[in-house]
Amino acid sequence: MIILKTITKLINMNDKKFQIKEYLIHKDRKFNSISKIGKLPGGSSNETWVINYFDNNKEEKIILRRHHSGIKDKSNIYPPLSLSIEASVMEIAYNNNIPVPKIIYKLNNKSILGEGFFMEFVEGMSLGNKIVQNTQIHELNPSLTSQAGSILAKIHSIPFSQIKNLNTSMANDELIKYREVYKDFSLSIPVFNMAFKWLEENLPNKDNEKCLLHGDFRNGNILVSPIKGITSVLDWELLHVGDMHEDLAWMCVNSWRFGKIKLPVGGFGKRIDFYKSYQKISGKTLNKDSLKFWEVMGSLKWGIMCLKMYNIYNSGYDRSVDRASIGRRVSETEIDLLRLITREQDND
Amino acid sequence: MINPPSKEDLIVSIIEFLENDVIQELKGQKRFHAHVAKNSLNIVLRQLKLEEVSSEKEKDRLSKILKTDKTIKEMNKILCSKIDNNNIDIDNNELIDHLFKTTMEKLEIDQPNYSSFLDEKNKL
């Protein structure tokens, strides 16, 4: 019997699902009841797993985020952030009453599962287009938009000097970084060259306050409940220290409005409600020109990310249909850049 | 001369196959990918119909701005370096007009349902 058990263990050594179950049972016997383990599709540099189990006959879920087992993803422009930093910042956020999933177990370096963490499962809608089409969610407004502003203000007030190994990237650093990436493609997209020129001429004040930024705060990375509003802020892997206007403008980039062009805040809200609550909670004053700079930068960034993703297809690393066709979404950012640069900003 | 069906007909036949037989049979990521595949074929279809005329217009405008007559690829490269080196002002009306027109022609092929494209079209 013991021999048979050992053999089964050896066979299962490389099976991720088996490893996840073993890890969790070792932590808590309630995980003997695990009924399902599945990996969610997508995820560029990190994998997300959902584990179903029973606790006192009630079905529960727990989430695992861990580094990809394969080659490092090439679509990342920042050096990949260690998941232990991501987990530490999420813990700080949780303790500051920011809606984030609670971290349950942090994996240490020696763990067979590699770097990562387990966190609680939070209910809510995450797909941007589903959120903008949901009438119940629109009825929450303007409070949903104010909530987004106050969450961001709270994130930006997290003291970051104690957190080690964070990237710092201000306006000029971002400009240099993305210009290099664009140059590497050896493509001639005149609207992009024009946008780089415009950004160069409109750089915000160097003294803009440095804050801890989420780095990817957009409709698609927040969980929204039609009753409670924003229940969770997800995907912290691009967090860094930077200009507060960056996060505020990223949420307003037209690519995340999912067709609701007149509702600049993620396709669900108006700028005024977003900025007002941000300023009220943070006590900071926003600069209109800086916001515009970062919105142009945001559109350009998304355009370059689309090129990067197409390049992953082209390099042979991931030959999926969506990686191929995303290159044809670059023209969406071109029209947005032209409208932003040559016209007065919409003030909705 | 190549026999019928035309390349357009062949593409349409695959789009209809995906729409009527394939997508409904699939779930999850495969279903999503089948949708993307259908969209890609629609892009190709629109490109076959529109690219020749729009490229010609783009080439004409580039020649006028740059006062030279080269291939569209070469002229776009020249335009990019002129912008980089401040040899053309980014406030230049002729440049802005050209970039708007070119981008709208691209979107007519790539993403004719995109919100900003539709909004601009309404303004024309």
# chains A, B, ... in the order shown; residues from 1 in each chain; ligands from 1

$ closest_atom_pairs --of "chain A" --to "chain B" --cutoff "6 Å" --atoms "only C-alpha atoms" --output "JSON lines"
{"residue": "A:Ser188", "atom": "CA", "partner": "B:Lys77", "partner_atom": "CA", "distance": 5.3}
{"residue": "A:Pro190", "atom": "CA", "partner": "B:Cys80", "partner_atom": "CA", "distance": 5.1}
{"residue": "A:Asn193", "atom": "CA", "partner": "B:Cys80", "partner_atom": "CA", "distance": 6.0}
{"residue": "A:Gly259", "atom": "CA", "partner": "B:Ser115", "partner_atom": "CA", "distance": 5.0}
{"residue": "A:Arg328", "atom": "CA", "partner": "B:Asp110", "partner_atom": "CA", "distance": 5.7}

$ select_by_dssp --residues "region 88-322 of chain A" --states "alpha helix (DSSP H)" --output "number ranges by chain"
A: 88-95, 128-133, 135-139, 143-156, 171-184, 190-201, 244-250, 271-282, 288-314, 321-322

$ select_by_dssp --residues "region 81-318 of chain A" --states "strand (DSSP E)" --output "number ranges by chain"
A: 103-106, 116-120, 210-213, 222-225, 229-233, 240-243

$ closest_residue --among "A:Asp336, A:Asp318, A:Glu91, A:Asp273" --to "Lys301 (chain A)" --atoms "only C-alpha atoms"
A:Asp336

$ closest_residue --among "A:Gly267, A:Gly242, A:Gly116, A:Gly149" --to "Lys130 (chain A)" --atoms "only C-alpha atoms"
A:Gly267

$ residues_around --residues "region 150-166 of chain A" --least-positions-apart "2" --cutoff "7 Å" --atoms "only C-alpha atoms" --output "compact mmCIF listing (two decimals) with N, CA and C atoms, in the first residue's frame"
# COMPACT_ATOMS: atom_id res chain seq x y z
N ALA A 93 -2.96 47.41 0.99
CA ALA A 93 -4.20 47.98 0.46
C ALA A 93 -5.40 47.46 1.25
N ILE A 98 -9.04 49.34 1.15
CA ILE A 98 -9.19 49.40 -0.30
C ILE A 98 -9.75 48.04 -0.72
N SER A 146 -17.61 58.01 -8.36
CA SER A 146 -16.98 58.62 -7.18
C SER A 146 -16.20 57.57 -6.41
N GLN A 147 -16.76 56.37 -6.36
CA GLN A 147 -16.09 55.27 -5.66
C GLN A 147 -14.74 54.97 -6.32
N ALA A 148 -14.73 54.96 -7.67
CA ALA A 148 -13.48 54.72 -8.40
C ALA A 148 -12.45 55.78 -8.04
N THR A 168 10.32 52.88 -10.34
CA THR A 168 9.85 54.26 -10.41
C THR A 168 9.89 54.68 -11.87
N CYS A 211 3.64 59.05 -6.43
CA CYS A 211 2.75 58.22 -5.62
C CYS A 211 2.95 56.77 -5.97
N LEU A 212 2.41 55.90 -5.13
CA LEU A 212 2.34 54.50 -5.50
C LEU A 212 1.14 54.35 -6.44
N LEU A 213 1.38 53.90 -7.67
CA LEU A 213 0.31 53.75 -8.65
C LEU A 213 -0.07 52.28 -8.82
N HIS A 240 3.70 50.62 -9.73
CA HIS A 240 5.00 51.29 -9.69
C HIS A 240 4.84 52.67 -9.07
N VAL A 241 5.95 53.34 -8.86
CA VAL A 241 5.90 54.70 -8.34
C VAL A 241 5.91 55.64 -9.53
N SER A 277 -14.16 63.35 -6.46
CA SER A 277 -14.00 62.47 -5.30
C SER A 277 -12.52 62.18 -5.06
N TYR A 278 -11.74 62.09 -6.13
CA TYR A 278 -10.29 61.87 -5.96
C TYR A 278 -9.68 63.02 -5.16
N ILE A 281 -10.86 63.12 -1.37
CA ILE A 281 -10.24 62.13 -0.48
C ILE A 281 -8.74 62.36 -0.36
N SER A 282 -8.09 62.72 -1.46
CA SER A 282 -6.63 62.81 -1.43
C SER A 282 -6.13 64.17 -0.94

$ closest_residue --among "A:Ala195, A:Leu107, A:Leu144, A:Ile51" --to "Lys270 (chain A)" --atoms "only C-alpha atoms"
A:Leu144

$ closest_residue --among "A:Cys306, A:Leu64, A:Ala249, A:Leu140" --to "Trp294 (chain A)" --atoms "only C-alpha atoms"
A:Ala249

$ residues_around --residues "Trp302 (chain A)" --least-positions-apart "4" --cutoff "9 Å" --atoms "only C-alpha atoms" --output "number ranges by chain"
A: 255, 297-298, 306-307, 330, 333

$ write_last_selection --atoms "N, CA and C atoms" --output "PDB file, in the first residue's frame"
ATOM      1  N   SER A 255     -10.103  53.349 -25.260  1.00  0.00           N
ATOM      2  CA  SER A 255     -10.086  51.890 -25.447  1.00  0.00           C
ATOM      3  C   SER A 255     -10.831  51.141 -24.345  1.00  0.00           C
ATOM      4  N   MET A 297      -0.552  59.697 -23.632  1.00  0.00           N
ATOM      5  CA  MET A 297       0.435  58.653 -23.348  1.00  0.00           C
ATOM      6  C   MET A 297      -0.257  57.288 -23.240  1.00  0.00           C
ATOM      7  N   GLY A 298      -1.423  57.276 -22.596  1.00  0.00           N
ATOM      8  CA  GLY A 298      -2.169  56.028 -22.404  1.00  0.00           C
ATOM      9  C   GLY A 298      -2.599  55.406 -23.720  1.00  0.00           C
ATOM     10  N   CYS A 306      -0.418  46.763 -28.392  1.00  0.00           N
ATOM     11  CA  CYS A 306      -1.045  45.954 -29.449  1.00  0.00           C
ATOM     12  C   CYS A 306       0.026  45.467 -30.428  1.00  0.00           C
ATOM     13  N   LEU A 307       0.942  46.358 -30.769  1.00  0.00           N
ATOM     14  CA  LEU A 307       2.042  45.957 -31.664  1.00  0.00           C
ATOM     15  C   LEU A 307       2.882  44.859 -31.022  1.00  0.00           C
ATOM     16  N   VAL A 330      -4.375  48.742 -33.828  1.00  0.00           N
ATOM     17  CA  VAL A 330      -3.506  49.908 -33.686  1.00  0.00           C
ATOM     18  C   VAL A 330      -4.173  51.156 -34.258  1.00  0.00           C
ATOM     19  N   THR A 333      -6.167  53.295 -31.893  1.00  0.00           N
ATOM     20  CA  THR A 333      -5.448  54.262 -31.052  1.00  0.00           C
ATOM     21  C   THR A 333      -4.988  55.455 -31.877  1.00  0.00           C
TER      22      THR A 333
END

$ residues_around --residues "Asp207 (chain A)" --least-positions-apart "2" --cutoff "12 Å" --atoms "only C-alpha atoms" --output "PyMOL selection string"
chain A and resi 170-171+203-205+209-211+242-244+287+290

$ residues_around --residues "Leu300 (chain A)" --least-positions-apart "2" --cutoff "12 Å" --atoms "only C-alpha atoms" --output "PDB file with C-alpha atoms, in the first residue's frame"
ATOM      1  CA  GLU A 174       7.758  56.357 -19.807  1.00  0.00           C
ATOM      2  CA  LEU A 175       8.291  58.389 -22.967  1.00  0.00           C
ATOM      3  CA  TYR A 178       7.958  53.424 -25.193  1.00  0.00           C
ATOM      4  CA  ARG A 179       9.917  55.287 -27.850  1.00  0.00           C
ATOM      5  CA  VAL A 181       9.976  49.830 -28.013  1.00  0.00           C
ATOM      6  CA  TYR A 182       8.419  51.587 -31.027  1.00  0.00           C
ATOM      7  CA  ILE A 189       3.259  54.988 -38.296  1.00  0.00           C
ATOM      8  CA  VAL A 191       0.520  59.320 -36.063  1.00  0.00           C
ATOM      9  CA  PHE A 192       2.750  57.632 -33.482  1.00  0.00           C
ATOM     10  CA  ASN A 193       5.715  59.861 -34.385  1.00  0.00           C
ATOM     11  CA  MET A 194       3.410  62.866 -34.113  1.00  0.00           C
ATOM     12  CA  ALA A 195       2.181  61.678 -30.707  1.00  0.00           C
ATOM     13  CA  PHE A 196       5.739  61.201 -29.432  1.00  0.00           C
ATOM     14  CA  LYS A 197       6.598  64.706 -30.612  1.00  0.00           C
ATOM     15  CA  TRP A 198       3.499  66.157 -28.944  1.00  0.00           C
ATOM     16  CA  LEU A 199       4.297  64.342 -25.675  1.00  0.00           C
ATOM     17  CA  TRP A 250      -5.540  55.527 -17.900  1.00  0.00           C
ATOM     18  CA  VAL A 253      -8.524  56.125 -22.310  1.00  0.00           C
ATOM     19  CA  ASN A 254     -11.152  55.534 -24.996  1.00  0.00           C
ATOM     20  CA  SER A 255     -10.086  51.890 -25.447  1.00  0.00           C
ATOM     21  CA  PHE A 293      -0.581  64.327 -21.312  1.00  0.00           C
ATOM     22  CA  TRP A 294      -1.250  60.998 -19.610  1.00  0.00           C
ATOM     23  CA  GLU A 295      -4.354  60.283 -21.662  1.00  0.00           C
ATOM     24  CA  VAL A 296      -2.351  60.765 -24.863  1.00  0.00           C
ATOM     25  CA  MET A 297       0.435  58.653 -23.348  1.00  0.00           C
ATOM     26  CA  GLY A 298      -2.169  56.028 -22.404  1.00  0.00           C
ATOM     27  CA  TRP A 302      -2.072  50.745 -25.685  1.00  0.00           C
ATOM     28  CA  GLY A 303      -1.250  51.096 -29.391  1.00  0.00           C
ATOM     29  CA  ILE A 304       2.318  49.984 -28.751  1.00  0.00           C
ATOM     30  CA  MET A 305       1.145  47.130 -26.536  1.00  0.00           C
ATOM     31  CA  CYS A 306      -1.045  45.954 -29.449  1.00  0.00           C
ATOM     32  CA  LEU A 307       2.042  45.957 -31.664  1.00  0.00           C
ATOM     33  CA  ARG A 329      -6.398  47.479 -33.495  1.00  0.00           C
ATOM     34  CA  VAL A 330      -3.506  49.908 -33.686  1.00  0.00           C
ATOM     35  CA  SER A 331      -5.551  52.171 -35.984  1.00  0.00           C
ATOM     36  CA  GLU A 332      -8.107  52.578 -33.158  1.00  0.00           C
ATOM     37  CA  THR A 333      -5.448  54.262 -31.052  1.00  0.00           C
ATOM     38  CA  GLU A 334      -4.352  56.369 -34.033  1.00  0.00           C
ATOM     39  CA  ILE A 335      -7.780  57.995 -34.370  1.00  0.00           C
ATOM     40  CA  ASP A 336      -7.958  58.536 -30.599  1.00  0.00           C
ATOM     41  CA  LEU A 337      -4.507  60.144 -30.593  1.00  0.00           C
ATOM     42  CA  LEU A 338      -5.427  62.483 -33.451  1.00  0.00           C
ATOM     43  CA  LEU A 340      -6.910  64.096 -28.407  1.00  0.00           C
ATOM     44  CA  ILE A 341      -4.002  66.075 -29.832  1.00  0.00           C
TER      45      ILE A 341
END

$ closest_residue --among "A:Ser88, A:Asn97, A:Thr342, A:Ser111" --to "Glu22 (chain A)" --atoms "only C-alpha atoms"
A:Ser111
